[in-house]
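Here is the structure we will look at.
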Amino acid sequence: MSAPIRISYREALRQGLREALLGDERVFLMGEDVGRYGGSYAVSKGLLEEFGEERIRDAPLSESGFVGAGIGAALNGMRPIVEVMTVNFSLLALDQIMNNAATLRHMSGGQLGVPVVIRMTTGAGRQLAAQHSHSLEGWYAHIPGLRIVTPATVADARGMLYAAIQDPDPVLIFEHASLLNVEDEVAAEPRAVDIDYAAVRREGTDVSMITYGGSLPKTLEAAAKLAAIGVSAEVVDLRSLRPLDDATIVASVSKTHRALIVDEGWKSGGLSAEIIARIVEQAFYELDAPPVRVCGAEVPIPYAKHLEDAAIPQVDGIVAAARRLVK
Amino acid sequence: MFEFKLPSLGADMEDGTFTEWQVEPGQQVARGQVICVVETQKGAIDVDIWQAGTIAKLIASPGQRIPVGQVMALVATEGEDWRAIADTVVPADTAAPAAPAAPAAPIAAPSAVPAPGRIKISPAARRRAEELGVDLTALKPSGTHAAVSIADVDLAARAAAPVDRQAAMRAAIAAAMSRSKREIPHYYLATGINAERALGWLEQRNAAVPIGERILFAALELKAVALALRETPELNGFYEAGAFRPGTGMHLGVAISLRGGGLVAPALHDADRLSLADLMAQLKELLQRARGGQLRSSEMSDPTITVTNLGDLGVETVFGVIYPPQVALVGLGRALTKPLVIDGAIAPARVLRATLSADHRVSDGMRGARFLIELDRLFQQPELLA
């Protein structure tokens, strides 16, 4: 085994795509600008030259059309990876995702599976305003028949796609745009990762900070600051939003007796609400204080930098909320 | 502003459990005033403050375990506004951080007074209370949530549980003495001192005053030890981090055995500068407070040498174990009547066996001998001890 390598989240996504394409000839990538342009976020740069137009397919600007085509290809034995530029645009394909991809196995009595993987960028932080910056993965996590994963580390960015392709049912991968330039060390060889379990990214005893995706680095930074003032925070990275890994969440809260959810999505009817509901349902008698949420402000994500920063969870806000919770 | 930190109340003390404050924010405090009580292995200690000022902010809370050196309170010094300090200063090294100035109140503000019959308690705390058999109605919330938490239950349970002070003190003595014998190369000297003149002088003095003003021989001995130390300052102080640090005064640690076992050696401060009557009064007070568990932190922490006296028990000679980080211990036995050769004739005289255990890293037998010679000289001139 060779020494670990240091790569970016973006490079990890590209390596994940290459490994998927090399590992199974039924795999192809399709989406807006994924070929000649190299992907809106340069994730698929160079893949067209390596794998050709058959397997790296530029799609017209019609999310409903090319997501539907991907679902059709999956129904017919292919293993398509469909890239949607941002989660906001995926709403144009919501009918295909919800009414077809998520339902057909159920409606066909198990005869038809839809092994499609749909990747999309999510989240704020790049001043792309209210039509490109939302965090709607919590909505998708509402839908039975879909699996929703959120790689928050470089290792997960590389490994989750391979695991998603092995799944016989539709998997949606949400890649937070603010993570693309994050670098970390990973094993030189590809490593299989699971897409079933949450991970405890930092152990602690005073409060469980439960988060995922783009909020993970902020939450870890907050945990480090809390440690400096004597608060031992545990950080749980959900990794999979559907199904949720209840056991890991409950185990952590049962240890710390305090729960804080960090989610860039909105509170109302959101994923954070679901997590707290489950904690209360399954670990009510473990709670020593009311659970707390640090979430996106209930506004469309603003364009102006200072307003955008104020609209989503930040390190100081997480630290302050945790301090109030443990006091 | 200065930070009032938990002092070390003994060589082997690492932390203490905070018991209660005896002051409140805004209150003026004088140097030497007892401001809080901390539970240690040696029992509940009244902790006094060594700087005058105004209490700005109390940080330690009851039941909290506090490491030595941690900030327990902030104190405004003369000319400072204690309110400003209380509002602005958040010490970084406190275990319980202060609440931020403007909490966004994600939790519905709980009513301060719970409805009658309903105890506001977290689910986990309720279960813990059941496990520990803690009476719910006796619990009071301490945090910002205005509800009883696990910490509150644990605190109540600890308060209810009988603390095995004897065992804790035995362990503390064991640790200190083991460390002493492990680290300190002791040397021992002993001499017989003709105490006839000193005893005679004292008996004469006591006969002339009411019972309440009489002075014990033990007090006279302490005064003699304190004065003799002026000759040999290297016996009075501490050995720390590979170097000797002289004591700032003759603070004699008086070994006092406690009823029910164990012992403490609180300081009799500046014993060399006290008149014999004052020394006697302070010794009496120290004995009472030691046996009542009312010692002050400064008395526990700063003796510069220890004196152990087993004369009352009929012991003739005692070689003590030095209490680290001190560097010497003086042992005094009973003054027994013995045949003594004085000026070529045998005569009965009361002879006191005085010993010195000293740290060879700091002093040598020659210097130790000087101390005993000086002690003997003082016993022959008791009027110098008045």
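Ordering of the structure tokens sets the chain letters (A, B, ...), residue numbers begin anew at 1 in every chain, and ligands are numbered from 1 in the order given.
Residue-level contacts from chain A to chain B at 7 Å, counting only C-alpha atoms, read Ile229, Gly230, Phe284, Tyr285, Glu286, Leu287, Asp288, Ala289, Val292, Ala320, Arg324 and Lys327 of chain A.
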For region 136-149 of chain A, work out the shell of residues within 7 Å, counting only C-alpha atoms and skipping chain neighbours fewer than 2 positions away, then give it as a PDB file with N, CA and C atoms, in the first residue's frame.
ATOM      1  N   VAL A  87     -29.256  22.078  -6.653  1.00  0.00           N
ATOM      2  CA  VAL A  87     -30.471  21.494  -6.109  1.00  0.00           C
ATOM      3  C   VAL A  87     -31.690  22.328  -6.492  1.00  0.00           C
ATOM      4  N   ALA A 102     -38.691   7.139  -7.562  1.00  0.00           N
ATOM      5  CA  ALA A 102     -38.936   6.692  -6.189  1.00  0.00           C
ATOM      6  C   ALA A 102     -40.070   5.681  -6.090  1.00  0.00           C
ATOM      7  N   THR A 103     -40.922   5.600  -7.103  1.00  0.00           N
ATOM      8  CA  THR A 103     -42.139   4.804  -6.939  1.00  0.00           C
ATOM      9  C   THR A 103     -42.160   3.485  -7.706  1.00  0.00           C
ATOM     10  N   HIS A 134     -29.881  27.076  -2.255  1.00  0.00           N
ATOM     11  CA  HIS A 134     -30.628  26.514  -1.144  1.00  0.00           C
ATOM     12  C   HIS A 134     -30.168  25.112  -0.774  1.00  0.00           C
ATOM     13  N   PRO A 151     -21.924  13.500   1.230  1.00  0.00           N
ATOM     14  CA  PRO A 151     -20.505  13.411   1.575  1.00  0.00           C
ATOM     15  C   PRO A 151     -20.006  14.743   2.136  1.00  0.00           C
ATOM     16  N   PRO A 170     -32.759   4.165  -6.553  1.00  0.00           N
ATOM     17  CA  PRO A 170     -32.206   5.502  -6.786  1.00  0.00           C
ATOM     18  C   PRO A 170     -31.513   6.084  -5.551  1.00  0.00           C
ATOM     19  N   VAL A 171     -30.351   6.684  -5.821  1.00  0.00           N
ATOM     20  CA  VAL A 171     -29.581   7.343  -4.759  1.00  0.00           C
ATOM     21  C   VAL A 171     -29.303   8.776  -5.209  1.00  0.00           C
ATOM     22  N   LEU A 172     -29.588   9.731  -4.333  1.00  0.00           N
ATOM     23  CA  LEU A 172     -29.271  11.125  -4.612  1.00  0.00           C
ATOM     24  C   LEU A 172     -28.078  11.537  -3.762  1.00  0.00           C
ATOM     25  N   ILE A 173     -27.055  12.109  -4.411  1.00  0.00           N
ATOM     26  CA  ILE A 173     -25.854  12.554  -3.697  1.00  0.00           C
ATOM     27  C   ILE A 173     -25.819  14.076  -3.720  1.00  0.00           C
ATOM     28  N   PHE A 174     -25.758  14.679  -2.535  1.00  0.00           N
ATOM     29  CA  PHE A 174     -25.734  16.144  -2.424  1.00  0.00           C
ATOM     30  C   PHE A 174     -24.333  16.601  -2.049  1.00  0.00           C
ATOM     31  N   ILE A 195     -22.765   3.677   2.826  1.00  0.00           N
ATOM     32  CA  ILE A 195     -23.658   4.836   2.765  1.00  0.00           C
ATOM     33  C   ILE A 195     -24.860   4.579   3.684  1.00  0.00           C
ATOM     34  N   ARG A 239     -24.103  11.767   7.274  1.00  0.00           N
ATOM     35  CA  ARG A 239     -23.701  11.088   6.022  1.00  0.00           C
ATOM     36  C   ARG A 239     -24.909  10.658   5.196  1.00  0.00           C
ATOM     37  N   SER A 240     -25.833   9.945   5.798  1.00  0.00           N
ATOM     38  CA  SER A 240     -27.041   9.529   5.082  1.00  0.00           C
ATOM     39  C   SER A 240     -28.236  10.225   5.727  1.00  0.00           C
ATOM     40  N   LEU A 241     -28.999  10.967   4.916  1.00  0.00           N
ATOM     41  CA  LEU A 241     -30.178  11.657   5.454  1.00  0.00           C
ATOM     42  C   LEU A 241     -31.429  10.792   5.331  1.00  0.00           C
ATOM     43  N   ARG A 242     -31.385   9.840   4.393  1.00  0.00           N
ATOM     44  CA  ARG A 242     -32.448   8.857   4.307  1.00  0.00           C
ATOM     45  C   ARG A 242     -31.858   7.567   3.824  1.00  0.00           C
ATOM     46  N   PRO A 243     -31.875   6.510   4.588  1.00  0.00           N
ATOM     47  CA  PRO A 243     -32.416   6.465   5.951  1.00  0.00           C
ATOM     48  C   PRO A 243     -31.490   7.175   6.939  1.00  0.00           C
ATOM     49  N   GLY A 265     -30.348  23.982   6.073  1.00  0.00           N
ATOM     50  CA  GLY A 265     -31.739  24.066   5.631  1.00  0.00           C
ATOM     51  C   GLY A 265     -32.596  24.820   6.634  1.00  0.00           C
ATOM     52  N   GLY A 270     -38.422  20.878   8.572  1.00  0.00           N
ATOM     53  CA  GLY A 270     -37.147  20.489   7.983  1.00  0.00           C
ATOM     54  C   GLY A 270     -36.532  19.241   8.590  1.00  0.00           C
ATOM     55  N   LEU A 271     -35.358  18.914   8.046  1.00  0.00           N
ATOM     56  CA  LEU A 271     -34.644  17.736   8.509  1.00  0.00           C
ATOM     57  C   LEU A 271     -34.291  17.853   9.996  1.00  0.00           C
TER      58      LEU A 271
END
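For region 88-274 of chain B, backbone-based DSSP labels the following residues as strand (DSSP E or B): Ile121, Val148, His186, Tyr187, Tyr188, Leu189, Ala190, Thr191, Gly192, Ile193, Asn194, Gly237, Phe238, Tyr239, Glu240, Ala243, Phe244, Arg245, Pro246, Leu252, Gly253, Val254, Ile256, Ser257, Leu263, Val264, Ala267 and Leu268 of chain B.
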>> Which residues are close to Ser297 (chain B), i.e. within 12 Å by only C-alpha atoms, leaving aside same-chain residues fewer than 5 positions away? Reply as a PyMOL selection string.
In response: chain B and resi 5-10+13+16+32-40+42-50+265-267+290+302-303
Resulting file, chosen residues, C-alpha atoms, as a compact mmCIF listing (two decimals), in the first residue's frame:
# COMPACT_ATOMS: atom_id res chain seq x y z
CA LYS B 5 -7.80 31.39 42.23
CA LEU B 6 -8.08 28.22 44.24
CA PRO B 7 -4.88 28.06 46.30
CA SER B 8 -3.09 24.82 46.99
CA LEU B 9 -4.14 23.78 50.46
CA GLY B 10 -1.53 21.09 50.79
CA MET B 13 -3.85 18.72 46.64
CA GLY B 16 -11.21 20.67 45.67
CA GLY B 32 -7.45 37.82 55.13
CA GLN B 33 -11.23 37.65 55.02
CA VAL B 34 -12.78 34.22 54.56
CA ILE B 35 -14.79 34.39 51.33
CA CYS B 36 -15.69 30.81 50.53
CA VAL B 37 -15.56 27.21 51.69
CA VAL B 38 -13.91 24.42 49.73
CA GLU B 39 -14.09 20.74 50.58
CA THR B 40 -10.72 19.00 50.45
CA LYS B 42 -8.52 17.49 54.83
CA GLY B 43 -12.09 18.54 55.37
CA ALA B 44 -13.98 21.77 54.72
CA ILE B 45 -11.54 24.66 54.51
CA ASP B 46 -12.45 28.33 54.85
CA VAL B 47 -10.56 30.01 52.03
CA ASP B 48 -9.36 33.51 52.75
CA ILE B 49 -8.41 36.17 50.25
CA TRP B 50 -5.05 37.93 50.26
CA ALA B 265 -0.41 20.87 60.63
CA PRO B 266 -1.80 24.39 60.20
CA ALA B 267 0.49 27.40 60.40
CA ALA B 290 -8.49 22.50 63.72
CA ASP B 302 1.94 28.07 53.98
CA PRO B 303 3.69 26.54 56.99
Within 12 Å of Thr153 (chain A), counting only C-alpha atoms, which residues show up once you throw out same-chain ones fewer than 6 positions away? Write them as a PDB file with C-alpha atoms, in the first residue's frame, please.
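Saved result, around35.pdb, follows:
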ATOM      1  CA  ILE A   7      -6.440  15.784  -2.673  1.00  0.00           C
ATOM      2  CA  SER A   8      -9.345  18.198  -2.815  1.00  0.00           C
ATOM      3  CA  TYR A   9     -13.002  17.295  -2.441  1.00  0.00           C
ATOM      4  CA  ARG A  10     -13.416  18.204  -6.149  1.00  0.00           C
ATOM      5  CA  ALA A  12     -12.067  13.173  -4.941  1.00  0.00           C
ATOM      6  CA  LEU A  13     -15.406  13.458  -6.750  1.00  0.00           C
ATOM      7  CA  GLY A 159     -16.100   6.637  -1.937  1.00  0.00           C
ATOM      8  CA  MET A 160     -19.825   7.312  -1.738  1.00  0.00           C
ATOM      9  CA  GLU A 175     -22.346  17.802  -2.781  1.00  0.00           C
ATOM     10  CA  HIS A 176     -22.022  21.068  -0.878  1.00  0.00           C
ATOM     11  CA  SER A 178     -18.383  25.176  -0.208  1.00  0.00           C
ATOM     12  CA  LEU A 179     -16.551  21.867   0.248  1.00  0.00           C
ATOM     13  CA  LEU A 180     -15.146  21.613  -3.297  1.00  0.00           C
ATOM     14  CA  ASN A 181     -11.800  23.180  -2.442  1.00  0.00           C
ATOM     15  CA  VAL A 182     -11.398  21.459   0.928  1.00  0.00           C
ATOM     16  CA  GLU A 183      -8.293  19.256   0.951  1.00  0.00           C
ATOM     17  CA  ASP A 184      -7.516  16.245   3.066  1.00  0.00           C
ATOM     18  CA  GLU A 185      -5.393  13.128   3.096  1.00  0.00           C
ATOM     19  CA  VAL A 186      -6.926   9.926   1.823  1.00  0.00           C
ATOM     20  CA  VAL A 193     -17.211   3.399   2.165  1.00  0.00           C
ATOM     21  CA  ALA A 199     -20.003   8.793  11.721  1.00  0.00           C
ATOM     22  CA  ARG A 201     -16.193  12.776  13.675  1.00  0.00           C
ATOM     23  CA  TYR A 212     -23.927  16.872   7.773  1.00  0.00           C
ATOM     24  CA  GLY A 213     -22.507  18.154   4.505  1.00  0.00           C
ATOM     25  CA  GLY A 214     -21.255  21.726   4.323  1.00  0.00           C
ATOM     26  CA  SER A 215     -21.906  22.397   7.986  1.00  0.00           C
ATOM     27  CA  LEU A 216     -19.526  19.649   9.168  1.00  0.00           C
ATOM     28  CA  PRO A 217     -16.287  21.690   8.939  1.00  0.00           C
ATOM     29  CA  LEU A 220     -15.863  20.706  13.930  1.00  0.00           C
ATOM     30  CA  ASP A 237     -21.805  13.516  10.703  1.00  0.00           C
ATOM     31  CA  LEU A 238     -25.103  12.060   9.486  1.00  0.00           C
ATOM     32  CA  ARG A 239     -23.701  11.088   6.022  1.00  0.00           C
TER      33      ARG A 239
END
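Around Ala222 (chain A), within 7 Å and counting only C-alpha atoms, the residues found are Lys218, Thr219, Leu220, Ala224, Lys225, Leu226, Val315, Ile318 and Val319 of chain A, once anything fewer than 2 positions away on its own chain is removed.
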>> Report as JSON, numbers by chain all protein, DNA and RNA residues lying within 10 Å of Arg273 (chain B), evaluated on only C-alpha atoms, omitting residues in the same chain fewer than 2 positions from it.
In response: {"B": [223, 226, 227, 249, 250, 269, 270, 271, 275, 276, 278, 279]}
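A straight line drawn from CA of Trp201 (chain B) to CA of Ala255 (chain B) is 25.4 Å long.
Nearest residue to Gln64 (chain B), choosing from B:Glu20, B:Gly314, B:Ile215, B:Leu202 and counting only C-alpha atoms: B:Glu20.
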>> Need to verify the contact set: Ala259 (chain A), 7 Å, only C-alpha atoms, exclusion of same-chain residues closer than 6 positions in sequence. Can you return it as a ChimeraX atom specification?
In response: /A:207-209,253,291-292
Resulting file, chosen residues, C-alpha atoms, as a PDB file, in the first residue's frame:
ATOM      1  CA  VAL A 207     -23.175  17.944  23.976  1.00  0.00           C
ATOM      2  CA  SER A 208     -23.920  16.079  20.735  1.00  0.00           C
ATOM      3  CA  MET A 209     -23.641  18.362  17.709  1.00  0.00           C
ATOM      4  CA  VAL A 253     -27.332  11.800  22.815  1.00  0.00           C
ATOM      5  CA  PRO A 291     -32.700  20.116  22.022  1.00  0.00           C
ATOM      6  CA  VAL A 292     -31.444  23.143  20.111  1.00  0.00           C
TER       7      VAL A 292
END
